[in-house]
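Undergrad: Dropping the structure in here first, questions after.
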Amino acid sequence: MTIPHLAAADGTTLPAIGLGTYRLNGAAGVDSIGQAIRAGYRLIDSAVNYENEGAVGRAARAAGTVRDELVVTSKLPGRHHRFDEALTTIEESVFRTGLDRIDLYLIHWPNPKADLYVQAWRALIEARERGLVRHIGLSNFLPEHIDRLVAETGVAPVVNQIEVHPYFPQQEAIDYHREHGILVQGWSPLGHGNDLQQHPTIVEIATAHGVSPAQAILAWHVTRQVIPLPKAASPQRQIENLDVFGITLTDAEVEAISALGRPDGRLADQDPAVYEEF
């Protein structure tokens, strides 16, 4: 299955859909991630705090010649934002994966009260210059955080991974990123622990296209040029989630899904302006 790619301002391209791996750990995680790679996934998300960089790396190494097509991702935790600690953490991430480099490395949260994210960003820049990572980006950063990073370092991220789903469509944030040539990845793109896939609007649109509610939601992301990162362990769900690029939603359908957004739409009230994760 051929997956389209999206390009950032600097020419970096990323697959238009990826695999979320939170809680895909150990031998079972290796099996699930390996299945996903064989199904066609080329963007594999991970993080230090997921404690599965080893599983991701093992699956990537087992992919053989496909390894060069993979974008293996990890994220720096908030407890290691200080420059020296950040560099050591990135080195350890590379060692844990068993790969010669990590393809995309992100800062997991800005943690603005700690106010060390500029140091962390300088460490990611250094890691890229040293060849530890190929591309660098952010996760859960707000526009004001990104503006500060660019102002102080002159280096823009290629991607920002943020919470995006129909109950929290983030249109203003998406517009900002598009204007600045920064790709957007969406975590929890199908919602999590809520009734999103049973919502009448979603079900009606999915039925009209002869697809599942999950596929309709993922098609909404793709249409908006958001790179969704759905997590799925079963081969059937992995393949179903990939099979969304032939679904053509009308403008009215995209607007109807976006209209499901609500002020309390965040899944866990994790506002990056105040939320901190270590």
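Letters A, B, ... mark the chains of the structure tokens in the order given; residue numbers begin at 1 per chain; ligand numbers begin at 1, in order shown.
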Could you list, as a list of chain:residue names, every residue within 12 Å of Ile3 in chain A, counting only C-alpha atoms and ignoring same-chain residues fewer than 4 positions away?
TA: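 Residues near the query, excluding close chain neighbours: A:Thr13, A:Leu14, A:Pro15, A:Ala16, A:Ile17, A:Gly18, A:Ala39, A:Gly40, A:Tyr41, A:Arg42, A:Leu43, A:Glu69, A:Val222, A:Ile227, A:Asn241, A:Leu242, A:Asp243, A:Val244, A:Phe245, A:Gly246.
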Undergrad: Within 12 Å of range 21-24 of chain A, which residues of range 71-149 of chain A show up? Give each one with its shortest atom-to-atom distance in Å (one decimal) and the two atoms involved, counting only C-alpha atoms, rows by chain then rising residue number, as a Markdown table.
TA:
```
| residue | atom | partner | partner_atom | distance |
| --- | --- | --- | --- | --- |
| A:Val72 | CA | A:Thr21 | CA | 11.1 |
| A:Thr73 | CA | A:Thr21 | CA | 10.3 |
| A:Ser74 | CA | A:Thr21 | CA | 10.5 |
```
Undergrad: Write a file of the selected residues as a short mmCIF file (atom, residue, chain, number, x, y, z; two decimals), in the first residue's frame, keeping C-alpha atoms.
TA:
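The result, stored in result-v1.cif:
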```cif
data_model
loop_
_atom_site.label_atom_id
_atom_site.label_comp_id
_atom_site.auth_asym_id
_atom_site.auth_seq_id
_atom_site.Cartn_x
_atom_site.Cartn_y
_atom_site.Cartn_z
CA VAL A 72 11.34 6.02 13.62
CA THR A 73 10.33 8.68 16.12
CA SER A 74 11.02 9.27 19.81
#
```
Undergrad: Find the distance between CA of Ala233 in chain A and CA of Ala47 in chain A and write it in Å to one decimal.
TA: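 Going from CA of Ala233 in chain A over to CA of Ala47 in chain A covers 17.3 Å.
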Undergrad: Please return as a VMD selection string: the residues of range 34-115 of chain A that backbone DSSP assigns to strand (DSSP E or B).
TA: chain A and resid 43 to 44 71 to 76 102 to 107
Undergrad: Would you please work out which residue, of A:Pro213, A:Pro263, A:Gly29, A:Gly193, is nearest to Gln170 in chain A when using only C-alpha atoms?
TA: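 Going through A:Pro213, A:Pro263, A:Gly29, A:Gly193 one by one, the smallest distance to Gln170 in chain A is for A:Pro263.
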Undergrad: Per residue of range 153-241 of chain A within 9 Å of range 250-260 of chain A, note the shortest atom pair and the distance in Å to one decimal, counting only C-alpha atoms, and order the rows by chain and increasing residue number, as CSV.
TA:
```
residue,atom,partner,partner_atom,distance
A:His165,CA,A:Ser258,CA,8.6
A:Pro166,CA,A:Ser258,CA,5.6
A:Tyr167,CA,A:Leu260,CA,5.4
A:Phe168,CA,A:Leu260,CA,7.9
A:Pro169,CA,A:Ser258,CA,5.9
A:Gln171,CA,A:Ser258,CA,8.5
A:Thr201,CA,A:Ile257,CA,7.0
A:Ile202,CA,A:Ile257,CA,6.9
A:Ile205,CA,A:Glu253,CA,7.0
A:Ile217,CA,A:Ile257,CA,8.0
A:Trp220,CA,A:Val254,CA,6.0
A:Thr223,CA,A:Val254,CA,7.9
A:Arg224,CA,A:Val254,CA,8.3
```
Undergrad: Based on the selection just made, write N, CA, C and O atoms of those residues as an mmCIF file, in the first residue's frame.
TA:
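So the final result, stored in part32.cif, reads:
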```cif
data_model
loop_
_atom_site.group_PDB
_atom_site.id
_atom_site.type_symbol
_atom_site.label_atom_id
_atom_site.label_comp_id
_atom_site.auth_asym_id
_atom_site.auth_seq_id
_atom_site.Cartn_x
_atom_site.Cartn_y
_atom_site.Cartn_z
ATOM 1 N N HIS A 165 -8.580 15.738 17.103
ATOM 2 C CA HIS A 165 -9.660 14.791 16.800
ATOM 3 C C HIS A 165 -10.930 15.622 16.641
ATOM 4 O O HIS A 165 -10.927 16.832 16.924
ATOM 5 N N PRO A 166 -12.019 15.049 16.166
ATOM 6 C CA PRO A 166 -13.211 15.858 15.892
ATOM 7 C C PRO A 166 -13.759 16.643 17.088
ATOM 8 O O PRO A 166 -14.360 17.701 16.887
ATOM 9 N N TYR A 167 -13.579 16.156 18.304
ATOM 10 C CA TYR A 167 -14.027 16.928 19.457
ATOM 11 C C TYR A 167 -13.056 18.062 19.804
ATOM 12 O O TYR A 167 -13.356 18.925 20.607
ATOM 13 N N PHE A 168 -11.860 18.045 19.182
ATOM 14 C CA PHE A 168 -10.854 19.085 19.410
ATOM 15 C C PHE A 168 -10.104 19.315 18.098
ATOM 16 O O PHE A 168 -8.960 18.903 17.931
ATOM 17 N N PRO A 169 -10.758 19.980 17.127
ATOM 18 C CA PRO A 169 -10.222 20.054 15.762
ATOM 19 C C PRO A 169 -9.012 20.956 15.564
ATOM 20 O O PRO A 169 -8.309 20.822 14.572
ATOM 21 N N GLN A 171 -8.371 24.055 14.553
ATOM 22 C CA GLN A 171 -8.213 24.701 13.253
ATOM 23 C C GLN A 171 -7.238 25.880 13.299
ATOM 24 O O GLN A 171 -6.416 26.051 12.385
ATOM 25 N N THR A 201 -23.241 11.908 13.547
ATOM 26 C CA THR A 201 -22.645 12.572 12.389
ATOM 27 C C THR A 201 -21.561 11.708 11.760
ATOM 28 O O THR A 201 -21.494 11.547 10.535
ATOM 29 N N ILE A 202 -20.718 11.142 12.599
ATOM 30 C CA ILE A 202 -19.635 10.283 12.113
ATOM 31 C C ILE A 202 -20.209 9.033 11.456
ATOM 32 O O ILE A 202 -19.791 8.630 10.362
ATOM 33 N N ILE A 205 -21.789 9.802 7.990
ATOM 34 C CA ILE A 205 -20.797 10.045 6.939
ATOM 35 C C ILE A 205 -20.088 8.738 6.571
ATOM 36 O O ILE A 205 -19.851 8.448 5.392
ATOM 37 N N ILE A 217 -13.149 9.188 10.210
ATOM 38 C CA ILE A 217 -12.420 10.162 11.027
ATOM 39 C C ILE A 217 -11.000 10.350 10.501
ATOM 40 O O ILE A 217 -10.503 11.480 10.394
ATOM 41 N N TRP A 220 -10.949 12.440 7.485
ATOM 42 C CA TRP A 220 -11.092 13.852 7.872
ATOM 43 C C TRP A 220 -9.732 14.452 8.204
ATOM 44 O O TRP A 220 -9.398 15.555 7.767
ATOM 45 N N THR A 223 -7.700 14.792 4.918
ATOM 46 C CA THR A 223 -8.198 15.901 4.102
ATOM 47 C C THR A 223 -7.694 17.243 4.625
ATOM 48 O O THR A 223 -7.414 18.159 3.851
ATOM 49 N N ARG A 224 -7.531 17.350 5.929
ATOM 50 C CA ARG A 224 -7.048 18.584 6.553
ATOM 51 C C ARG A 224 -5.523 18.651 6.608
ATOM 52 O O ARG A 224 -4.957 19.554 7.201
#
```
Undergrad: So which residues touch Ile102 in chain A within 10 Å, counting only C-alpha atoms, skipping near sequence neighbours fewer than 5 positions away, as a PyMOL selection string?
TA: chain A and resi 57+70-74+90-91+93-95+97+128+131-136
Undergrad: Can I get the selected residues back with N, CA, C and O atoms, as a PDB file, in the first residue's frame?
TA:
```pdb
ATOM      1  N   GLY A  57      12.687  -0.263  18.015  1.00  0.00           N
ATOM      2  CA  GLY A  57      13.956  -0.467  17.334  1.00  0.00           C
ATOM      3  C   GLY A  57      14.130  -1.889  16.844  1.00  0.00           C
ATOM      4  O   GLY A  57      14.622  -2.120  15.732  1.00  0.00           O
ATOM      5  N   LEU A  70      11.699   3.825   6.760  1.00  0.00           N
ATOM      6  CA  LEU A  70      11.009   4.084   8.025  1.00  0.00           C
ATOM      7  C   LEU A  70      11.399   5.434   8.618  1.00  0.00           C
ATOM      8  O   LEU A  70      12.536   5.886   8.479  1.00  0.00           O
ATOM      9  N   VAL A  71      10.433   6.050   9.280  1.00  0.00           N
ATOM     10  CA  VAL A  71      10.690   7.240  10.084  1.00  0.00           C
ATOM     11  C   VAL A  71      10.399   6.844  11.531  1.00  0.00           C
ATOM     12  O   VAL A  71       9.264   6.882  11.998  1.00  0.00           O
ATOM     13  N   VAL A  72      11.449   6.424  12.219  1.00  0.00           N
ATOM     14  CA  VAL A  72      11.336   6.022  13.622  1.00  0.00           C
ATOM     15  C   VAL A  72      11.442   7.275  14.478  1.00  0.00           C
ATOM     16  O   VAL A  72      12.383   8.057  14.353  1.00  0.00           O
ATOM     17  N   THR A  73      10.460   7.449  15.338  1.00  0.00           N
ATOM     18  CA  THR A  73      10.334   8.681  16.122  1.00  0.00           C
ATOM     19  C   THR A  73      10.463   8.400  17.613  1.00  0.00           C
ATOM     20  O   THR A  73      10.011   7.362  18.098  1.00  0.00           O
ATOM     21  N   SER A  74      11.086   9.316  18.345  1.00  0.00           N
ATOM     22  CA  SER A  74      11.019   9.265  19.809  1.00  0.00           C
ATOM     23  C   SER A  74      10.907  10.689  20.343  1.00  0.00           C
ATOM     24  O   SER A  74      10.994  11.657  19.578  1.00  0.00           O
ATOM     25  N   ILE A  90      19.084  11.586  24.480  1.00  0.00           N
ATOM     26  CA  ILE A  90      18.978  11.265  23.057  1.00  0.00           C
ATOM     27  C   ILE A  90      19.943  10.134  22.704  1.00  0.00           C
ATOM     28  O   ILE A  90      19.590   9.198  21.969  1.00  0.00           O
ATOM     29  N   GLU A  91      21.161  10.204  23.214  1.00  0.00           N
ATOM     30  CA  GLU A  91      22.119   9.118  22.978  1.00  0.00           C
ATOM     31  C   GLU A  91      21.554   7.789  23.470  1.00  0.00           C
ATOM     32  O   GLU A  91      21.634   6.764  22.776  1.00  0.00           O
ATOM     33  N   SER A  93      18.458   6.999  23.841  1.00  0.00           N
ATOM     34  CA  SER A  93      17.355   6.587  22.971  1.00  0.00           C
ATOM     35  C   SER A  93      17.895   5.832  21.757  1.00  0.00           C
ATOM     36  O   SER A  93      17.359   4.783  21.369  1.00  0.00           O
ATOM     37  N   VAL A  94      18.960   6.362  21.166  1.00  0.00           N
ATOM     38  CA  VAL A  94      19.567   5.696  20.017  1.00  0.00           C
ATOM     39  C   VAL A  94      20.089   4.319  20.419  1.00  0.00           C
ATOM     40  O   VAL A  94      19.864   3.319  19.718  1.00  0.00           O
ATOM     41  N   PHE A  95      20.755   4.249  21.569  1.00  0.00           N
ATOM     42  CA  PHE A  95      21.284   2.961  22.025  1.00  0.00           C
ATOM     43  C   PHE A  95      20.159   1.956  22.254  1.00  0.00           C
ATOM     44  O   PHE A  95      20.277   0.772  21.914  1.00  0.00           O
ATOM     45  N   THR A  97      17.224   1.777  20.855  1.00  0.00           N
ATOM     46  CA  THR A  97      16.633   1.278  19.610  1.00  0.00           C
ATOM     47  C   THR A  97      17.556   0.296  18.899  1.00  0.00           C
ATOM     48  O   THR A  97      17.096  -0.547  18.129  1.00  0.00           O
ATOM     49  N   ARG A 128      21.183  16.640  16.050  1.00  0.00           N
ATOM     50  CA  ARG A 128      21.051  16.539  14.588  1.00  0.00           C
ATOM     51  C   ARG A 128      22.402  16.790  13.912  1.00  0.00           C
ATOM     52  O   ARG A 128      22.777  16.067  12.985  1.00  0.00           O
ATOM     53  N   GLY A 131      24.547  13.825  14.014  1.00  0.00           N
ATOM     54  CA  GLY A 131      24.086  12.644  13.307  1.00  0.00           C
ATOM     55  C   GLY A 131      23.362  11.629  14.162  1.00  0.00           C
ATOM     56  O   GLY A 131      23.077  10.518  13.705  1.00  0.00           O
ATOM     57  N   LEU A 132      23.049  12.004  15.406  1.00  0.00           N
ATOM     58  CA  LEU A 132      22.275  11.098  16.270  1.00  0.00           C
ATOM     59  C   LEU A 132      20.843  10.977  15.779  1.00  0.00           C
ATOM     60  O   LEU A 132      20.206   9.930  15.935  1.00  0.00           O
ATOM     61  N   VAL A 133      20.319  12.073  15.223  1.00  0.00           N
ATOM     62  CA  VAL A 133      18.949  12.100  14.696  1.00  0.00           C
ATOM     63  C   VAL A 133      18.971  12.778  13.332  1.00  0.00           C
ATOM     64  O   VAL A 133      19.871  13.576  13.034  1.00  0.00           O
ATOM     65  N   ARG A 134      17.991  12.463  12.506  1.00  0.00           N
ATOM     66  CA  ARG A 134      17.922  13.065  11.166  1.00  0.00           C
ATOM     67  C   ARG A 134      17.124  14.360  11.166  1.00  0.00           C
ATOM     68  O   ARG A 134      17.525  15.348  10.569  1.00  0.00           O
ATOM     69  N   HIS A 135      15.971  14.332  11.820  1.00  0.00           N
ATOM     70  CA  HIS A 135      15.073  15.487  11.817  1.00  0.00           C
ATOM     71  C   HIS A 135      14.618  15.760  13.244  1.00  0.00           C
ATOM     72  O   HIS A 135      14.534  14.842  14.067  1.00  0.00           O
ATOM     73  N   ILE A 136      14.289  17.014  13.525  1.00  0.00           N
ATOM     74  CA  ILE A 136      13.860  17.382  14.872  1.00  0.00           C
ATOM     75  C   ILE A 136      12.546  18.157  14.823  1.00  0.00           C
ATOM     76  O   ILE A 136      12.258  18.873  13.866  1.00  0.00           O
TER      77      ILE A 136
END
```
Undergrad: List as a count of residues only the protein and nucleic acid residues near range 107-111 of chain A, meaning an atom at most 10 Å away when only C-alpha atoms are counted, but skip any in the same chain fewer than 3 places from it.
TA: 39
Undergrad: For Ile182 in chain A, find every residue with an atom within 7 Å (counting only C-alpha atoms), except residues of its own chain fewer than 4 positions away, and show them as a PyMOL selection string.
TA: chain A and resi 8-9+157-160+177-178
Undergrad: Do you have the CA of Ala268 in chain A-CA of Asn52 in chain A distance handy?
TA: 22.4 Å
Undergrad: Pick out the closest residue to Pro189 in chain A from this set: A:Ala173, A:Ala219, A:Val150, A:Ile125. Count only C-alpha atoms.
TA: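 Nearest candidate to Pro189 in chain A out of A:Ala173, A:Ala219, A:Val150, A:Ile125: A:Ala219.
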Undergrad: Which of these residues is nearest to Thr89 in chain A, using only C-alpha atoms: A:Leu267, A:Ala156, A:Val66, A:Ala123?
TA: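 Of all the options, A:Ala123 lies closest to Thr89 in chain A.
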Undergrad: May I have all residues of range 103-222 of chain A that DSSP, computed from the backbone, assigns to helix (DSSP H, G or I), given as a ChimeraX atom specification?
TA: /A:117-129,143-153,171-179,196-198,200-209,213-222
Undergrad: Hey, which of A:Ile37, A:Ser212, A:Thr88, A:Ile247 ends up closest to Pro235 in chain A? Count only C-alpha atoms.
TA: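 So, comparing all the options, the nearest one is A:Ile37.
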Undergrad: Determine the nearest neighbour of Thr12 in chain A from the options A:Leu190, A:Asp269, A:Thr207, A:Leu104, counting only C-alpha atoms.
TA: A:Leu104
Undergrad: For CA of Arg58 in chain A and CA of Leu6 in chain A, determine how far apart the two atoms are, in Å to one decimal place.
TA: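 Between CA of Arg58 in chain A and CA of Leu6 in chain A the gap works out to 26.5 Å.
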